[in-house]
>>> print(open('data-v8.cif').read())   # mmCIF, C-alpha atoms and all ligand atoms
data_coords
#
loop_
_atom_site.label_atom_id
_atom_site.label_comp_id
_atom_site.auth_asym_id
_atom_site.auth_seq_id
_atom_site.Cartn_x
_atom_site.Cartn_y
_atom_site.Cartn_z
CA MET A 6 21.56 11.37 -19.63
CA GLN A 7 23.05 7.97 -18.78
CA TYR A 8 22.47 6.94 -15.18
CA ASN A 9 24.25 4.25 -13.24
CA LEU A 10 21.51 2.09 -11.72
CA GLU A 11 24.05 0.66 -9.28
CA GLU A 12 24.27 4.03 -7.62
CA LYS A 13 21.74 3.80 -4.82
CA TYR A 14 21.01 5.05 -1.34
CA ILE A 15 18.83 2.79 0.81
CA LYS A 16 18.23 3.93 4.37
CA LYS A 17 18.76 1.27 7.04
CA PHE A 18 17.28 1.43 10.51
CA ASP A 19 19.11 0.59 13.73
CA ASN A 20 16.21 -0.74 15.77
CA PRO A 21 14.62 -3.96 14.46
CA ASP A 22 11.62 -3.39 16.76
CA THR A 23 10.46 -0.44 14.66
CA THR A 24 10.26 -2.47 11.45
CA ALA A 25 6.75 -3.54 10.39
CA ILE A 26 7.79 -5.54 7.33
CA SER A 27 10.93 -5.77 5.24
CA THR A 28 12.26 -7.39 2.10
CA GLU A 29 15.67 -8.89 1.50
CA HIS A 30 16.98 -9.15 -2.06
CA LEU A 31 13.53 -9.36 -3.57
CA ASP A 32 13.44 -10.13 -7.30
CA VAL A 33 10.20 -10.37 -9.30
CA PHE A 34 9.87 -12.03 -12.69
CA TYR A 35 6.94 -12.11 -15.12
CA GLY A 36 7.82 -15.23 -17.08
CA SER A 37 11.46 -14.81 -18.04
CA LYS A 38 11.32 -11.01 -17.79
CA GLN A 39 12.61 -9.54 -14.56
CA ALA A 40 10.44 -6.57 -13.57
CA PHE A 41 11.95 -5.83 -10.17
CA PHE A 42 15.54 -6.19 -8.97
CA ASP A 43 17.10 -6.93 -5.63
CA GLY A 44 14.89 -4.88 -3.29
CA SER A 45 16.03 -4.72 0.34
CA LEU A 46 13.84 -2.24 2.21
CA GLU A 47 12.61 -1.93 5.79
CA PHE A 48 9.20 -0.34 6.38
CA GLN A 49 8.61 1.38 9.68
CA LYS A 50 5.75 0.73 12.09
CA ASN A 51 3.06 3.42 12.35
CA LYS A 52 4.53 5.37 9.49
CA ILE A 53 3.44 6.01 5.92
CA THR A 54 5.95 5.03 3.27
CA ALA A 55 5.32 6.25 -0.29
CA LEU A 56 6.60 4.43 -3.35
CA ILE A 57 7.09 6.83 -6.24
CA GLY A 58 8.51 6.60 -9.75
CA ALA A 59 7.53 6.73 -13.41
CA SER A 60 4.94 4.45 -14.93
CA GLY A 61 6.30 0.92 -15.35
CA SER A 62 9.09 1.40 -12.80
CA GLY A 63 7.91 -1.58 -10.74
CA LYS A 64 6.09 0.07 -7.81
CA SER A 65 2.92 -2.02 -8.03
CA THR A 66 4.92 -5.14 -8.79
CA TYR A 67 6.87 -4.66 -5.59
CA LEU A 68 3.87 -3.63 -3.46
CA ARG A 69 1.73 -6.54 -4.64
CA SER A 70 4.53 -8.96 -3.86
CA LEU A 71 4.50 -7.92 -0.20
CA ASN A 72 1.28 -9.81 0.55
CA ARG A 73 1.75 -12.33 -2.25
CA MET A 74 -0.90 -10.83 -4.56
CA ASN A 75 1.45 -11.60 -7.45
CA ASP A 76 1.65 -15.31 -6.74
CA SER A 77 -0.46 -16.35 -9.71
CA VAL A 78 1.26 -14.11 -12.28
CA ALA A 79 4.86 -13.73 -11.15
CA THR A 80 7.80 -15.53 -9.58
CA VAL A 81 9.03 -13.75 -6.50
CA LYS A 82 12.47 -14.61 -5.15
CA GLY A 83 14.05 -13.37 -1.95
CA LYS A 84 12.71 -12.88 1.55
CA ILE A 85 9.71 -10.93 2.84
CA MET A 86 10.21 -10.75 6.58
CA TYR A 87 7.20 -10.18 8.81
CA ARG A 88 7.40 -10.73 12.56
CA GLY A 89 10.52 -12.82 12.17
CA ILE A 90 9.00 -15.12 9.54
CA ASP A 91 9.76 -15.22 5.82
CA ILE A 92 6.22 -14.98 4.42
CA ASN A 93 7.51 -15.68 0.92
CA ARG A 94 7.97 -19.33 1.89
CA PRO A 95 5.72 -21.77 0.00
CA ASP A 96 4.24 -23.22 3.21
CA ILE A 97 2.79 -19.90 4.39
CA ASN A 98 -1.01 -19.76 4.55
CA VAL A 99 -1.51 -16.63 2.41
CA TYR A 100 -5.15 -16.15 3.46
CA GLU A 101 -4.16 -15.97 7.11
CA MET A 102 -1.19 -13.75 6.27
CA ARG A 103 -3.42 -11.29 4.37
CA LYS A 104 -5.47 -10.72 7.52
CA GLN A 105 -2.30 -9.12 8.88
CA ILE A 106 -1.18 -7.48 5.65
CA GLY A 107 -4.23 -6.02 3.92
CA MET A 108 -4.54 -4.25 0.60
CA VAL A 109 -6.57 -1.41 -0.87
CA PHE A 110 -6.66 -1.22 -4.66
CA GLN A 111 -6.52 1.57 -7.19
CA ARG A 112 -10.21 1.48 -8.09
CA PRO A 113 -12.69 1.30 -5.25
CA ASN A 114 -14.12 -2.22 -5.36
CA PRO A 115 -16.95 -2.47 -2.82
CA PHE A 116 -19.01 -5.65 -2.89
CA SER A 117 -22.44 -5.32 -4.45
CA LYS A 118 -23.96 -5.46 -0.98
CA SER A 119 -25.04 -3.00 1.68
CA ILE A 120 -22.53 -0.70 3.35
CA ARG A 121 -22.85 -2.75 6.54
CA GLU A 122 -22.36 -6.07 4.76
CA ASN A 123 -19.23 -4.78 3.06
CA ILE A 124 -17.69 -4.58 6.50
CA THR A 125 -19.27 -7.65 8.09
CA PHE A 126 -18.76 -10.10 5.21
CA GLY A 127 -15.09 -10.87 5.94
CA LEU A 128 -15.67 -10.81 9.69
CA LYS A 129 -18.45 -13.40 9.43
CA GLU A 130 -16.24 -15.54 7.20
CA ASN A 131 -13.76 -15.40 10.06
CA GLY A 132 -16.28 -16.69 12.55
CA ILE A 133 -17.49 -13.45 14.18
CA LYS A 134 -21.26 -13.97 14.44
CA ASP A 135 -22.26 -11.92 17.48
CA LYS A 136 -24.48 -9.06 16.25
CA SER A 137 -23.43 -6.49 18.84
CA LYS A 138 -19.76 -7.28 18.19
CA LEU A 139 -20.32 -6.90 14.42
CA ASP A 140 -22.19 -3.60 14.94
CA GLU A 141 -19.36 -2.33 17.08
CA ILE A 142 -16.72 -3.17 14.44
CA VAL A 143 -18.85 -1.63 11.67
CA GLU A 144 -19.05 1.62 13.62
CA THR A 145 -15.39 1.72 14.68
CA SER A 146 -13.96 0.90 11.29
CA LEU A 147 -16.23 3.36 9.46
CA LYS A 148 -15.23 6.02 11.99
CA GLN A 149 -11.55 5.21 11.57
CA ALA A 150 -11.93 5.51 7.81
CA ALA A 151 -13.64 8.90 8.31
CA ILE A 152 -16.87 7.95 6.57
CA TRP A 153 -19.15 7.14 9.50
CA ASP A 154 -20.93 10.51 9.56
CA GLU A 155 -21.71 10.24 5.86
CA VAL A 156 -23.18 6.74 6.01
CA LYS A 157 -24.45 6.09 9.53
CA ASP A 158 -28.06 6.68 8.51
CA ARG A 159 -27.93 4.39 5.53
CA LEU A 160 -25.88 1.40 6.56
CA ASP A 161 -28.32 -0.96 4.88
CA SER A 162 -28.29 0.82 1.52
CA SER A 163 -26.16 -0.40 -1.35
CA ALA A 164 -22.48 0.50 -1.21
CA LEU A 165 -22.61 1.01 -4.96
CA ALA A 166 -24.73 4.15 -4.45
CA LEU A 167 -21.81 5.90 -2.72
CA SER A 168 -19.54 8.33 -4.55
CA GLY A 169 -16.12 7.10 -5.69
CA GLY A 170 -14.36 8.81 -2.77
CA GLN A 171 -16.84 7.37 -0.29
CA GLN A 172 -16.49 3.92 -1.85
CA GLN A 173 -12.72 4.10 -1.46
CA ARG A 174 -13.02 5.08 2.21
CA LEU A 175 -15.50 2.21 2.63
CA CYS A 176 -12.90 -0.13 1.10
CA ILE A 177 -10.38 1.17 3.62
CA ALA A 178 -12.92 0.58 6.41
CA ARG A 179 -13.46 -2.95 5.09
CA ALA A 180 -9.71 -3.57 5.08
CA ILE A 181 -9.12 -2.20 8.58
CA ALA A 182 -12.14 -4.02 10.05
CA MET A 183 -10.00 -7.16 9.75
CA LYS A 184 -7.48 -5.42 12.03
CA PRO A 185 -4.47 -5.79 9.78
CA ASP A 186 -1.12 -4.70 10.98
CA VAL A 187 0.15 -3.40 7.66
CA LEU A 188 -1.98 -1.76 4.98
CA LEU A 189 -0.77 -1.74 1.37
CA LEU A 190 -2.40 0.90 -0.82
CA ASP A 191 -1.97 0.84 -4.59
CA GLU A 192 -2.69 4.36 -5.88
CA PRO A 193 -5.84 4.58 -3.77
CA ALA A 194 -6.59 8.16 -4.84
CA SER A 195 -6.05 7.83 -8.57
CA ALA A 196 -9.76 7.57 -9.35
CA LEU A 197 -10.76 10.39 -6.98
CA ASP A 198 -11.39 14.10 -7.43
CA PRO A 199 -9.12 16.56 -5.54
CA ILE A 200 -11.51 17.05 -2.60
CA SER A 201 -12.02 13.31 -2.08
CA THR A 202 -8.27 12.88 -2.43
CA LEU A 203 -7.57 15.34 0.38
CA LYS A 204 -10.20 13.64 2.55
CA LEU A 205 -8.57 10.27 1.86
CA GLU A 206 -5.16 11.70 2.75
CA GLU A 207 -6.51 12.99 6.07
CA THR A 208 -7.93 9.54 6.71
CA LEU A 209 -4.57 7.90 6.08
CA LEU A 210 -2.80 10.36 8.38
CA ASP A 211 -5.32 9.54 11.12
CA LEU A 212 -4.84 5.81 10.60
CA LYS A 213 -1.10 6.05 11.17
CA LYS A 214 -1.50 5.66 14.90
CA ASP A 215 -3.00 2.19 14.39
CA PHE A 216 -1.45 0.87 11.19
CA SER A 217 1.74 0.84 9.19
CA MET A 218 1.07 1.89 5.60
CA ILE A 219 2.86 1.57 2.29
CA ILE A 220 1.31 3.54 -0.53
CA VAL A 221 2.07 3.62 -4.25
CA THR A 222 1.36 7.05 -5.65
CA HIS A 223 1.97 8.87 -8.91
CA ASN A 224 1.41 12.12 -7.16
CA MET A 225 4.59 13.57 -5.71
CA GLN A 226 2.73 16.28 -3.81
CA GLN A 227 0.73 13.53 -2.18
CA ALA A 228 3.87 11.65 -1.24
CA SER A 229 5.40 14.75 0.29
CA ARG A 230 2.17 15.67 2.11
CA ILE A 231 1.48 12.38 3.79
CA SER A 232 4.50 10.12 3.90
CA ASP A 233 7.29 9.79 6.43
CA TYR A 234 9.54 7.77 4.13
CA THR A 235 9.75 7.56 0.36
CA GLY A 236 11.19 5.00 -2.02
CA PHE A 237 12.02 6.17 -5.53
CA PHE A 238 11.71 3.44 -8.16
CA HIS A 239 13.31 3.46 -11.61
CA MET A 240 13.34 0.65 -14.16
CA GLY A 241 12.60 -2.01 -11.55
CA ASN A 242 15.19 -0.73 -9.07
CA VAL A 243 14.78 1.18 -5.84
CA ILE A 244 17.26 3.97 -6.42
CA GLU A 245 16.78 5.92 -3.22
CA TYR A 246 14.92 5.19 -0.01
CA ASP A 247 15.02 7.76 2.75
CA ALA A 248 13.02 10.13 4.94
CA THR A 249 10.53 11.94 2.70
CA LYS A 250 11.89 15.37 3.58
CA ASP A 251 15.37 14.30 2.48
CA ILE A 252 14.15 12.75 -0.76
CA PHE A 253 12.27 15.92 -1.67
CA THR A 254 14.74 18.53 -0.48
CA ARG A 255 18.20 16.99 -0.67
CA PRO A 256 18.21 13.65 -2.48
CA LYS A 257 21.53 11.86 -2.42
CA ILE A 258 21.30 10.42 -5.92
CA GLN A 259 21.27 12.49 -9.13
CA LEU A 260 18.61 10.29 -10.73
CA THR A 261 16.23 11.00 -7.84
CA GLU A 262 16.99 14.70 -8.05
CA ASP A 263 16.21 14.73 -11.77
CA TYR A 264 12.94 12.83 -11.30
CA ILE A 265 11.79 15.03 -8.40
CA SER A 266 12.58 18.19 -10.31
CA GLY A 267 10.67 16.96 -13.35
CA ASN A 268 13.64 16.45 -15.65
CA PHE A 269 12.25 13.14 -16.83
CA GLY A 270 9.46 10.62 -16.22
N1 LIG A 301 0.91 -9.21 -14.90
C1 LIG A 301 1.99 -8.79 -15.60
N2 LIG A 301 2.52 -9.57 -16.58
C2 LIG A 301 3.61 -9.19 -17.27
N3 LIG A 301 4.26 -8.03 -17.08
C3 LIG A 301 3.76 -7.21 -16.13
C4 LIG A 301 2.62 -7.55 -15.34
N4 LIG A 301 2.38 -6.53 -14.47
C5 LIG A 301 3.34 -5.61 -14.72
N5 LIG A 301 4.18 -6.01 -15.71
C6 LIG A 301 5.35 -5.28 -16.21
O1 LIG A 301 6.25 -5.04 -15.14
C7 LIG A 301 6.82 -3.74 -15.23
C8 LIG A 301 6.51 -2.96 -13.96
O2 LIG A 301 5.11 -2.70 -13.91
P1 LIG A 301 4.39 -2.11 -12.61
O3 LIG A 301 2.92 -2.15 -12.87
O4 LIG A 301 4.90 -2.76 -11.41
O5 LIG A 301 4.92 -0.61 -12.64
P2 LIG A 301 4.38 0.66 -11.87
O6 LIG A 301 5.58 1.44 -11.48
O7 LIG A 301 3.46 0.24 -10.79
O8 LIG A 301 3.58 1.38 -13.02
P3 LIG A 301 2.27 2.31 -12.94
O9 LIG A 301 2.70 3.52 -12.19
O10 LIG A 301 1.97 2.60 -14.38
O11 LIG A 301 1.19 1.52 -12.26
C9 LIG A 301 6.25 -3.11 -16.48
O12 LIG A 301 7.16 -3.31 -17.53
C10 LIG A 301 4.98 -3.90 -16.73
O13 LIG A 301 4.66 -3.95 -18.10
#
>>> encode(input="data-v8.cif", output="structure tokens", more="lines below")
Ligand SMILES: Nc1ncnc2c1ncn2[C@@H]1O[C@H](COP(=O)(O)OP(=O)(O)OP(=O)(O)O)[C@@H](O)[C@H]1O
Amino acid sequence: MQYNLEEKYIKKFDNPDTTAISTEHLDVFYGSKQAFFDGSLEFQKNKITALIGASGSGKSTYLRSLNRMNDSVATVKGKIMYRGIDINRPDINVYEMRKQIGMVFQRPNPFSKSIRENITFGLKENGIKDKSKLDEIVETSLKQAAIWDEVKDRLDSSALALSGGQQQRLCIARAIAMKPDVLLLDEPASALDPISTLKLEETLLDLKKDFSMIIVTHNMQQASRISDYTGFFHMGNVIEYDATKDIFTRPKIQLTEDYISGNFG
């Protein structure tokens, strides 16, 4: 079936105060090849937004552009608006910006250090030296990431001895210890078994009260279970962006309908 990629529905929001981060006409190029086209999306504060679509549709490309993780491999044109500032400008200090807009990757990537040091490393780099303050952040962030009970008696053991699911929750704890405002998650459950996946999903739902999250997922059940909003990507375009319940029950675009119902992809 031939689809018209110009046919799109992108939800807009009336209240600018509820927007955590947004993009305006974002284009991403790898060399001369354009991998993502003209993305203008607003992501809501304290909500989970899922990015779904077939492999190669540009989800990771778009997500990684949001905190400039693509800088070394891609050219990103257009605006990324965060707190009234275009963070895609060349004069932005990306290291400072990433304290506000953190990222969790597909494969858990704890440092080869103790569980405690995984959390404290970045904090110390940022000048927090006080031991009681560090202990407090270790405890709070591990609790927030729902892994405290499993690790509290072995904080000084190697993080590499944890299971994959525990490592991923530790990586979330490490990311949130920096107190970001927005958390970008690139298929964080793809390397996890179903039980660890459900645990991770519960963690993300709990974190919603403190953070705004954007998550790339291949798993449509996951998107419908945990997200408030969903963006459907196809061939480098966002075809439909709306409340998750609308995307999954009454999508406005035929292409979305066909993808959701498994007719392709
Ligand atoms: N570093 C890169 N250099 C060149 N091309 C790339 C690079 N990363 C991605 N691409 C290309 O950009 C397009 C979009 O890829 P991207 O990884 O964003 O898709 P995706 O929807 O996240 O896919 P998946 O679900 O498989 O992770 C693909 O054609 C891919 O081959």
>>> closest_residue(input="data-v8.cif", among="A:Asp19, A:Glu29, A:Asp135, A:Asp76", to="ligand LIG 301 (chain A)", atoms="only C-alpha atoms and all ligand atoms")
A:Asp76
>>> residues_near_ligand(input="data-v8.cif", ligand="ligand LIG 301 (chain A)", cutoff="9 Å", atoms="all atoms listed in the file", output="PyMOL selection string")
chain A and resi 33-36+38-41+56-69+75+77-79+191-192+221-223+238-241
>>> atom_distance(input="data-v8.cif", atom1="CA of Ile152 in chain A", atom2="CA of Leu175 in chain A")
7.1 Å
>>> closest_atom_pairs(input="data-v8.cif", of="range 19-127 of chain A", to="range 195-206 of chain A", cutoff="9 Å", atoms="only C-alpha atoms", output="JSON lines")
{"residue": "A:Gln111", "atom": "CA", "partner": "A:Ser195", "partner_atom": "CA", "distance": 6.4}
{"residue": "A:Arg112", "atom": "CA", "partner": "A:Ala196", "partner_atom": "CA", "distance": 6.2}
{"residue": "A:Pro113", "atom": "CA", "partner": "A:Ala196", "partner_atom": "CA", "distance": 8.0}
>>> write_last_selection(input="data-v8.cif", atoms="C-alpha atoms", output="PDB file, in the frame of the given file")
ATOM      1  CA  GLN A 111      -6.520   1.570  -7.190  1.00  0.00           C
ATOM      2  CA  ARG A 112     -10.210   1.480  -8.090  1.00  0.00           C
ATOM      3  CA  PRO A 113     -12.690   1.300  -5.250  1.00  0.00           C
TER       4      PRO A 113
END
>>> atom_distance(input="data-v8.cif", atom1="CA of Ile106 in chain A", atom2="CA of Asp140 in chain A")
23.3 Å
>>> residues_around(input="data-v8.cif", residues="Val143 in chain A", least_positions_apart="3", cutoff="8 Å", atoms="only C-alpha atoms", output="PDB file with C-alpha atoms, keeping the file's coordinate frame")
ATOM      1  CA  ARG A 121     -22.850  -2.750   6.540  1.00  0.00           C
ATOM      2  CA  ILE A 124     -17.690  -4.580   6.500  1.00  0.00           C
ATOM      3  CA  THR A 125     -19.270  -7.650   8.090  1.00  0.00           C
ATOM      4  CA  LEU A 139     -20.320  -6.900  14.420  1.00  0.00           C
ATOM      5  CA  ASP A 140     -22.190  -3.600  14.940  1.00  0.00           C
ATOM      6  CA  SER A 146     -13.960   0.900  11.290  1.00  0.00           C
ATOM      7  CA  LEU A 147     -16.230   3.360   9.460  1.00  0.00           C
ATOM      8  CA  ALA A 182     -12.140  -4.020  10.050  1.00  0.00           C
TER       9      ALA A 182
END
>>> residues_near_point(input="data-v8.cif", point="(17.8, 1.6, -10.8)", cutoff="9 Å", atoms="all atoms listed in the file", output="list in words")
Tyr8, Asn9, Leu10, Glu11, Glu12, Lys13, Phe42, Ser62, Phe238, His239, Met240, Gly241, Asn242, Val243, Ile244, Glu245 and Leu260 of chain A
>>> decode(input="data-v8.cif", residues="range 34-73 of chain A", atoms="N, CA and C atoms", output="PDB file, in the first residue's frame")
ATOM      1  N   PHE A  34      20.788  14.636   9.647  1.00  0.00           N
ATOM      2  CA  PHE A  34      21.496  14.078   8.493  1.00  0.00           C
ATOM      3  C   PHE A  34      22.699  13.272   8.978  1.00  0.00           C
ATOM      4  N   TYR A  35      22.885  12.070   8.393  1.00  0.00           N
ATOM      5  CA  TYR A  35      24.161  11.355   8.544  1.00  0.00           C
ATOM      6  C   TYR A  35      24.894  11.571   7.224  1.00  0.00           C
ATOM      7  N   GLY A  36      25.909  12.383   7.218  1.00  0.00           N
ATOM      8  CA  GLY A  36      26.546  12.757   5.951  1.00  0.00           C
ATOM      9  C   GLY A  36      25.512  13.463   5.094  1.00  0.00           C
ATOM     10  N   SER A  37      25.355  12.989   3.860  1.00  0.00           N
ATOM     11  CA  SER A  37      24.383  13.655   2.985  1.00  0.00           C
ATOM     12  C   SER A  37      22.999  13.004   3.089  1.00  0.00           C
ATOM     13  N   LYS A  38      22.917  11.903   3.860  1.00  0.00           N
ATOM     14  CA  LYS A  38      21.643  11.183   3.938  1.00  0.00           C
ATOM     15  C   LYS A  38      20.788  11.722   5.094  1.00  0.00           C
ATOM     16  N   GLN A  39      19.589  12.144   4.743  1.00  0.00           N
ATOM     17  CA  GLN A  39      18.694  12.644   5.791  1.00  0.00           C
ATOM     18  C   GLN A  39      17.965  11.469   6.429  1.00  0.00           C
ATOM     19  N   ALA A  40      18.118  11.330   7.747  1.00  0.00           N
ATOM     20  CA  ALA A  40      17.520  10.185   8.444  1.00  0.00           C
ATOM     21  C   ALA A  40      16.256  10.582   9.198  1.00  0.00           C
ATOM     22  N   PHE A  41      16.106  11.889   9.442  1.00  0.00           N
ATOM     23  CA  PHE A  41      14.906  12.340  10.155  1.00  0.00           C
ATOM     24  C   PHE A  41      14.465  13.683   9.582  1.00  0.00           C
ATOM     25  N   PHE A  42      13.132  13.829   9.431  1.00  0.00           N
ATOM     26  CA  PHE A  42      12.590  14.973   8.690  1.00  0.00           C
ATOM     27  C   PHE A  42      11.647  15.820   9.535  1.00  0.00           C
ATOM     28  N   ASP A  43      11.973  17.072   9.664  1.00  0.00           N
ATOM     29  CA  ASP A  43      11.039  18.109  10.050  1.00  0.00           C
ATOM     30  C   ASP A  43      10.175  17.777  11.277  1.00  0.00           C
ATOM     31  N   GLY A  44      10.842  17.401  12.380  1.00  0.00           N
ATOM     32  CA  GLY A  44      10.087  17.014  13.581  1.00  0.00           C
ATOM     33  C   GLY A  44       9.759  18.199  14.475  1.00  0.00           C
ATOM     34  N   SER A  45       8.465  18.452  14.669  1.00  0.00           N
ATOM     35  CA  SER A  45       8.031  19.509  15.593  1.00  0.00           C
ATOM     36  C   SER A  45       7.112  18.880  16.637  1.00  0.00           C
ATOM     37  N   LEU A  46       7.682  18.547  17.792  1.00  0.00           N
ATOM     38  CA  LEU A  46       6.918  17.866  18.836  1.00  0.00           C
ATOM     39  C   LEU A  46       7.136  18.571  20.168  1.00  0.00           C
ATOM     40  N   GLU A  47       6.085  18.558  20.988  1.00  0.00           N
ATOM     41  CA  GLU A  47       6.201  19.103  22.349  1.00  0.00           C
ATOM     42  C   GLU A  47       6.042  17.941  23.333  1.00  0.00           C
ATOM     43  N   PHE A  48       6.978  17.818  24.260  1.00  0.00           N
ATOM     44  CA  PHE A  48       6.914  16.748  25.254  1.00  0.00           C
ATOM     45  C   PHE A  48       6.477  17.334  26.590  1.00  0.00           C
ATOM     46  N   GLN A  49       5.529  16.646  27.206  1.00  0.00           N
ATOM     47  CA  GLN A  49       4.896  17.185  28.406  1.00  0.00           C
ATOM     48  C   GLN A  49       5.657  16.858  29.691  1.00  0.00           C
ATOM     49  N   LYS A  50       5.609  17.823  30.617  1.00  0.00           N
ATOM     50  CA  LYS A  50       6.253  17.631  31.922  1.00  0.00           C
ATOM     51  C   LYS A  50       5.569  16.514  32.710  1.00  0.00           C
ATOM     52  N   ASN A  51       6.368  15.752  33.438  1.00  0.00           N
ATOM     53  CA  ASN A  51       5.852  14.692  34.318  1.00  0.00           C
ATOM     54  C   ASN A  51       4.938  13.710  33.606  1.00  0.00           C
ATOM     55  N   LYS A  52       5.258  13.470  32.373  1.00  0.00           N
ATOM     56  CA  LYS A  52       4.546  12.457  31.587  1.00  0.00           C
ATOM     57  C   LYS A  52       5.586  11.548  30.948  1.00  0.00           C
ATOM     58  N   ILE A  53       5.118  10.367  30.524  1.00  0.00           N
ATOM     59  CA  ILE A  53       5.979   9.486  29.739  1.00  0.00           C
ATOM     60  C   ILE A  53       5.491   9.552  28.304  1.00  0.00           C
ATOM     61  N   THR A  54       6.411   9.841  27.399  1.00  0.00           N
ATOM     62  CA  THR A  54       6.083   9.828  25.977  1.00  0.00           C
ATOM     63  C   THR A  54       6.848   8.679  25.333  1.00  0.00           C
ATOM     64  N   ALA A  55       6.149   7.815  24.615  1.00  0.00           N
ATOM     65  CA  ALA A  55       6.806   6.690  23.937  1.00  0.00           C
ATOM     66  C   ALA A  55       7.005   7.034  22.466  1.00  0.00           C
ATOM     67  N   LEU A  56       8.157   6.649  21.934  1.00  0.00           N
ATOM     68  CA  LEU A  56       8.402   6.786  20.500  1.00  0.00           C
ATOM     69  C   LEU A  56       8.417   5.374  19.927  1.00  0.00           C
ATOM     70  N   ILE A  57       7.485   5.111  19.025  1.00  0.00           N
ATOM     71  CA  ILE A  57       7.375   3.763  18.455  1.00  0.00           C
ATOM     72  C   ILE A  57       7.539   3.829  16.936  1.00  0.00           C
ATOM     73  N   GLY A  58       7.746   2.660  16.331  1.00  0.00           N
ATOM     74  CA  GLY A  58       7.895   2.600  14.878  1.00  0.00           C
ATOM     75  C   GLY A  58       8.829   1.458  14.522  1.00  0.00           C
ATOM     76  N   ALA A  59       8.842   1.098  13.252  1.00  0.00           N
ATOM     77  CA  ALA A  59       9.650  -0.037  12.806  1.00  0.00           C
ATOM     78  C   ALA A  59      11.129   0.277  12.955  1.00  0.00           C
ATOM     79  N   SER A  60      11.939  -0.776  12.856  1.00  0.00           N
ATOM     80  CA  SER A  60      13.380  -0.607  12.914  1.00  0.00           C
ATOM     81  C   SER A  60      13.842   0.316  11.787  1.00  0.00           C
ATOM     82  N   GLY A  61      14.717   1.254  12.120  1.00  0.00           N
ATOM     83  CA  GLY A  61      15.243   2.170  11.103  1.00  0.00           C
ATOM     84  C   GLY A  61      14.337   3.353  10.809  1.00  0.00           C
ATOM     85  N   SER A  62      13.269   3.530  11.600  1.00  0.00           N
ATOM     86  CA  SER A  62      12.336   4.630  11.310  1.00  0.00           C
ATOM     87  C   SER A  62      12.806   5.979  11.875  1.00  0.00           C
ATOM     88  N   GLY A  63      13.911   5.958  12.631  1.00  0.00           N
ATOM     89  CA  GLY A  63      14.483   7.237  13.073  1.00  0.00           C
ATOM     90  C   GLY A  63      14.241   7.588  14.529  1.00  0.00           C
ATOM     91  N   LYS A  64      13.717   6.636  15.312  1.00  0.00           N
ATOM     92  CA  LYS A  64      13.385   6.925  16.718  1.00  0.00           C
ATOM     93  C   LYS A  64      14.635   7.296  17.525  1.00  0.00           C
ATOM     94  N   SER A  65      15.657   6.432  17.434  1.00  0.00           N
ATOM     95  CA  SER A  65      16.875   6.698  18.213  1.00  0.00           C
ATOM     96  C   SER A  65      17.575   7.946  17.703  1.00  0.00           C
ATOM     97  N   THR A  66      17.561   8.123  16.399  1.00  0.00           N
ATOM     98  CA  THR A  66      18.181   9.312  15.804  1.00  0.00           C
ATOM     99  C   THR A  66      17.566  10.569  16.409  1.00  0.00           C
ATOM    100  N   TYR A  67      16.247  10.573  16.490  1.00  0.00           N
ATOM    101  CA  TYR A  67      15.554  11.738  17.036  1.00  0.00           C
ATOM    102  C   TYR A  67      15.846  11.884  18.532  1.00  0.00           C
ATOM    103  N   LEU A  68      15.694  10.766  19.269  1.00  0.00           N
ATOM    104  CA  LEU A  68      15.886  10.823  20.727  1.00  0.00           C
ATOM    105  C   LEU A  68      17.284  11.315  21.074  1.00  0.00           C
ATOM    106  N   ARG A  69      18.286  10.747  20.390  1.00  0.00           N
ATOM    107  CA  ARG A  69      19.677  11.089  20.706  1.00  0.00           C
ATOM    108  C   ARG A  69      20.004  12.533  20.338  1.00  0.00           C
ATOM    109  N   SER A  70      19.226  13.085  19.419  1.00  0.00           N
ATOM    110  CA  SER A  70      19.460  14.489  19.063  1.00  0.00           C
ATOM    111  C   SER A  70      19.026  15.421  20.195  1.00  0.00           C
ATOM    112  N   LEU A  71      18.059  14.958  21.014  1.00  0.00           N
ATOM    113  CA  LEU A  71      17.472  15.859  22.000  1.00  0.00           C
ATOM    114  C   LEU A  71      18.479  16.341  23.040  1.00  0.00           C
ATOM    115  N   ASN A  72      19.463  15.487  23.388  1.00  0.00           N
ATOM    116  CA  ASN A  72      20.514  16.024  24.284  1.00  0.00           C
ATOM    117  C   ASN A  72      21.874  16.012  23.579  1.00  0.00           C
ATOM    118  N   ARG A  73      21.800  16.131  22.278  1.00  0.00           N
ATOM    119  CA  ARG A  73      23.001  16.342  21.443  1.00  0.00           C
ATOM    120  C   ARG A  73      23.981  15.169  21.485  1.00  0.00           C
TER     121      ARG A  73
END
